[in-house]
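**Q** my_file17.txt is reproduced in full below (compact mmCIF, C-alpha atoms).
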# COMPACT_ATOMS: atom_id res chain seq x y z
CA MET R 13 -17.05 -4.82 -3.90
CA SER R 14 -20.31 -2.90 -3.65
CA THR R 15 -22.97 -2.01 -6.24
CA VAL R 16 -24.00 0.98 -4.12
CA PRO R 17 -21.96 4.22 -4.42
CA PRO R 18 -19.62 4.83 -1.42
CA GLN R 19 -21.43 6.59 1.39
CA ALA R 20 -18.31 8.56 2.22
CA TYR R 21 -14.61 8.78 1.51
CA ASP R 22 -11.71 11.08 2.34
CA GLN R 23 -8.25 12.00 1.02
CA HIS R 24 -6.72 8.92 2.68
CA LEU R 25 -9.20 6.71 0.79
CA ASN R 26 -10.87 5.74 4.06
CA MET R 27 -14.39 4.73 2.95
CA VAL R 28 -17.76 3.72 4.25
CA LEU R 29 -19.41 1.23 1.89
CA GLY R 30 -23.01 0.08 1.98
CA GLU R 31 -23.93 -3.48 0.91
CA ALA R 32 -20.30 -4.53 0.61
CA GLU R 33 -19.22 -7.94 -0.65
CA GLU R 34 -15.75 -9.12 0.33
CA THR R 35 -14.01 -11.75 -1.80
CA VAL R 36 -10.91 -13.41 -0.36
CA THR R 37 -8.81 -15.29 -2.94
CA THR R 38 -6.17 -17.77 -1.82
CA VAL R 39 -3.72 -19.77 -3.89
CA GLU R 40 -2.68 -23.20 -2.72
CA ILE R 41 0.05 -25.14 -4.47
CA ASP R 42 -0.40 -28.90 -4.67
CA GLU R 43 2.72 -30.54 -3.30
CA GLU R 44 2.73 -33.36 -5.82
CA THR R 45 1.47 -31.84 -9.05
CA TYR R 46 2.65 -28.27 -8.29
CA GLU R 47 -0.54 -26.95 -9.82
CA GLU R 48 -2.02 -23.75 -8.42
CA VAL R 49 -5.45 -24.14 -6.85
CA TYR R 50 -7.42 -20.89 -6.53
CA LYS R 51 -10.08 -20.70 -3.84
CA THR R 52 -12.41 -17.80 -3.07
CA THR R 53 -14.63 -17.11 -0.09
CA LYS R 54 -17.21 -14.32 -0.03
CA ARG R 55 -19.17 -12.56 2.64
CA ASN R 56 -21.65 -9.70 2.70
CA ILE R 57 -21.52 -6.82 5.15
CA PRO R 58 -24.36 -4.26 5.21
CA MET R 59 -22.29 -1.23 6.27
CA LEU R 60 -18.49 -1.32 6.32
CA PHE R 61 -15.75 1.20 7.12
CA VAL R 62 -12.54 0.48 5.19
CA ARG R 63 -9.28 2.08 6.30
CA GLY R 64 -7.55 3.80 3.41
CA ASP R 65 -4.05 2.49 3.97
CA GLY R 66 -5.24 -0.95 2.88
CA VAL R 67 -6.70 0.30 -0.39
CA ILE R 68 -4.64 -0.43 -3.51
CA LEU R 69 -7.13 -0.03 -6.34
CA VAL R 70 -10.54 1.55 -6.79
CA SER R 71 -12.30 0.97 -10.09
CA PRO R 72 -15.72 1.77 -11.58
CA PRO R 73 -18.23 -1.07 -11.98
CA MET R 74 -18.05 -3.17 -15.13
CA ARG R 75 -20.99 -2.56 -17.41
CA ALA R 76 -22.58 -5.51 -19.21
CA GLY R 77 -21.59 -5.70 -22.86
CA LEU R 78 -18.24 -3.92 -22.43
CA MET X 23 -11.72 14.88 10.27
CA LEU X 24 -14.75 13.48 8.50
CA PHE X 25 -14.43 9.93 9.77
CA TYR X 26 -13.39 11.13 13.22
CA SER X 27 -16.76 12.94 13.48
CA PHE X 28 -18.49 9.94 11.93
CA PHE X 29 -17.11 7.56 14.55
CA LYS X 30 -17.88 10.01 17.36
CA SER X 31 -21.53 9.81 16.29
CA LEU X 32 -21.36 6.01 16.69
CA VAL X 33 -20.01 6.00 20.28
CA GLY X 34 -22.12 3.60 22.34
CA LYS X 35 -22.99 1.38 19.39
CA ASP X 36 -21.82 -2.19 18.93
CA VAL X 37 -19.25 -2.67 16.18
CA VAL X 38 -16.96 -5.40 14.91
CA VAL X 39 -13.36 -4.34 14.31
CA GLU X 40 -11.31 -6.50 11.95
CA LEU X 41 -7.58 -5.98 12.24
CA LYS X 42 -4.88 -6.43 9.63
CA ASN X 43 -3.75 -9.60 11.42
CA ASP X 44 -7.22 -11.11 10.75
CA VAL X 45 -8.37 -10.86 14.39
CA SER X 46 -12.02 -9.79 14.67
CA ILE X 47 -13.20 -8.13 17.88
CA CYS X 48 -16.82 -7.29 18.69
CA GLY X 49 -17.47 -4.60 21.28
CA THR X 50 -19.13 -1.34 22.19
CA LEU X 51 -17.45 1.75 20.76
CA HIS X 52 -16.28 3.73 23.75
CA SER X 53 -14.20 6.43 22.11
CA VAL X 54 -12.20 7.41 19.06
CA ASP X 55 -9.51 10.01 18.38
CA GLN X 56 -8.14 11.97 15.42
CA TYR X 57 -5.91 9.03 14.41
CA LEU X 58 -8.99 6.77 14.45
CA ASN X 59 -7.52 4.84 17.37
CA ILE X 60 -10.46 2.96 18.90
CA LYS X 61 -11.37 2.02 22.45
CA LEU X 62 -13.84 -0.83 22.79
CA THR X 63 -15.56 -1.96 25.98
CA ASP X 64 -17.11 -5.33 26.84
CA ILE X 65 -15.35 -7.09 24.02
CA SER X 66 -15.95 -10.60 22.75
CA VAL X 67 -14.44 -12.49 19.87
CA THR X 68 -16.50 -13.09 16.73
CA ASP X 69 -15.18 -15.57 14.13
CA PRO X 70 -14.05 -18.81 15.71
CA ASP X 71 -10.51 -20.02 14.88
CA LYS X 72 -9.51 -16.65 13.48
CA TYR X 73 -8.48 -14.98 16.75
CA PRO X 74 -6.43 -15.48 19.91
CA HIS X 75 -8.27 -16.30 23.13
CA MET X 76 -8.85 -13.01 24.92
CA LEU X 77 -11.23 -14.37 27.54
CA SER X 78 -9.94 -12.18 30.37
CA VAL X 79 -9.93 -8.94 28.38
CA LYS X 80 -12.95 -6.69 28.85
CA ASN X 81 -11.78 -3.39 27.37
CA CYS X 82 -9.18 -2.68 24.76
CA PHE X 83 -7.41 0.11 22.93
CA ILE X 84 -6.73 -0.49 19.24
CA ARG X 85 -4.18 1.55 17.33
CA GLY X 86 -5.88 3.04 14.28
CA SER X 87 -3.16 1.93 11.86
CA VAL X 88 -3.82 -1.79 12.48
CA VAL X 89 -7.50 -1.60 11.62
CA ARG X 90 -8.56 -3.15 8.31
CA TYR X 91 -12.39 -2.87 8.60
CA VAL X 92 -15.00 -1.70 11.04
CA GLN X 93 -18.37 -3.41 10.56
CA LEU X 94 -21.15 -0.99 11.41
CA PRO X 95 -24.85 -1.42 12.14
CA ALA X 96 -26.51 -0.25 8.92
CA ASP X 97 -29.54 1.24 10.65
CA GLU X 98 -27.42 3.45 12.91
CA VAL X 99 -25.80 5.26 10.00
CA ASP X 100 -27.47 8.36 8.57
CA THR X 101 -26.43 7.79 4.97
CA GLN X 102 -27.78 11.11 3.71
CA LEU X 103 -25.82 13.10 6.29
CA LEU X 104 -22.72 11.04 5.59
CA GLN X 105 -22.92 11.55 1.83
CA ASP X 106 -23.42 15.30 2.24
CA ALA X 107 -20.47 15.54 4.61
CA ALA X 108 -18.28 13.52 2.24
CA ARG X 109 -19.23 15.76 -0.67
CA LYS X 110 -18.24 18.85 1.34
CA GLU X 111 -15.00 17.23 2.44
CA ALA X 112 -14.10 16.25 -1.14
CA ALA X 113 -14.82 19.79 -2.33
CA ALA X 114 -12.66 21.23 0.45
CA GLN X 115 -9.83 18.87 -0.46
CA THR X 116 -9.63 19.80 -4.14
CA ARG X 117 -9.38 23.51 -3.29
Written as C-alpha cells, how would this file's structure read?
**A**
Amino acid sequence: MSTVPPQAYDQHLNMVLGEAEETVTTVEIDEETYEEVYKTTKRNIPMLFVRGDGVILVSPPMRAGL
Amino acid sequence: MLFYSFFKSLVGKDVVVELKNDVSICGTLHSVDQYLNIKLTDISVTDPDKYPHMLSVKNCFIRGSVVRYVQLPADEVDTQLLQDAARKEAAAQTR
C-alpha cells in the first residue's frame, strides 16, 4: 500500500511504487480452541518494483468520511 | 519494454530481489533482459531465517517469473522520467 501515486506501470500491471508499505497477514488456528488468530507484520520500502503476475487487486485510496 | 529500459538504467546499482518463495537476495544488478530475467553479482542474503544458505554463490541468474519484488534505491530512480515514460506507455497501450 502506498499513499503516493505509482511511479510507473505497464499492461502486465508491473509497477514501481514509491513509499510502499507491505502488510503480511497470517492466520493461525489454535489447536485446542480452534479459534483463528490473525497476525499482521508491516514494513516500509522507499522504492519498490512489483511484478504484475502477483497483483490480484488494485484499488483507489479510501477517503476519510466515506 | 518500459520496465526493461528502466532496469537497464539501474545496471550497476545494488538491489534486493525478493522471490515468490520468500528468499531475499541482495546484489549488484549486472544485467536484465526482455523477460525481466535478472543477473546479480556479488550476492549476499538479507533477511535472516528467510533464505537458504548460499554462502558459496557469488553470481546468480534469476528467472523473471519467480520475482515478487525488487527493492530499489530511491535516490537512483528518476521519478519524473519514469512517470513520463509510463504515461506514454499507457497511451500507446490504449491505442
**Q** Which residue gives the smallest distance to chain X among R:Lys51, R:Arg75, R:Leu60, R:Val67, with all atoms listed in the file counted?
**A** R:Leu60
**Q** Residues of chain X were defined as contacting chain R if any atom lay at most 9 Å from it, counting all atoms listed in the file; please report them as a list in words.
**A**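 Applying the cut-off to the listed atoms yields Met23, Leu24, Phe25, Lys42, Gly86, Ser87, Val89, Arg90, Tyr91, Val92, Gln93, Leu94, Pro95, Ala96, Asp97, Val99, Thr101, Gln102, Leu104, Gln105, Asp106, Ala107, Ala108, Arg109, Glu111, Ala112 and Gln115 of chain X.
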**Q** Between atom CA of R:Ser71 and atom CA of R:Asn56, what is the distance in Å, rounded to a tenth?
**A** 19.1 Å
**Q** If you count only C-alpha atoms, which residues fall within 9 Å of X:Ser46, apart from same-chain ones fewer than 4 positions away, as a list in words?
**A**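 In the requested form, the answer reads Val38, Val39, Glu40, Leu41, Val67, Thr68, Asp69, Lys72 and Tyr73 of chain X.
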**Q** So how many Å separate atom CA of X:Arg85 and atom CA of X:Leu58, to one decimal?
**A**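 Taking atom CA of X:Arg85 and atom CA of X:Leu58, their separation equals 7.7 Å.
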**Q** Mind pulling up the distance from atom CA of X:Cys82 to atom CA of X:Gln56?
**A**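 Atom CA of X:Cys82 lies at a distance of 17.4 Å from atom CA of X:Gln56.
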**Q** Could you please give me, as a PyMOL selection string, the residues of protein, DNA or RNA lying at most 9 Å from (-7.3, -17.2, -4.9) in the coordinate frame of the file, considering only C-alpha atoms?
**A** chain R and resi 36-40+49-53
**Q** Write out as a list in words the residues lying within 8 Å of X:Ser66, counting only C-alpha atoms and excluding same-chain residues fewer than 6 positions away.
**A** Ile47, Cys48, Gly49, Met76, Leu77 and Lys80 of chain X
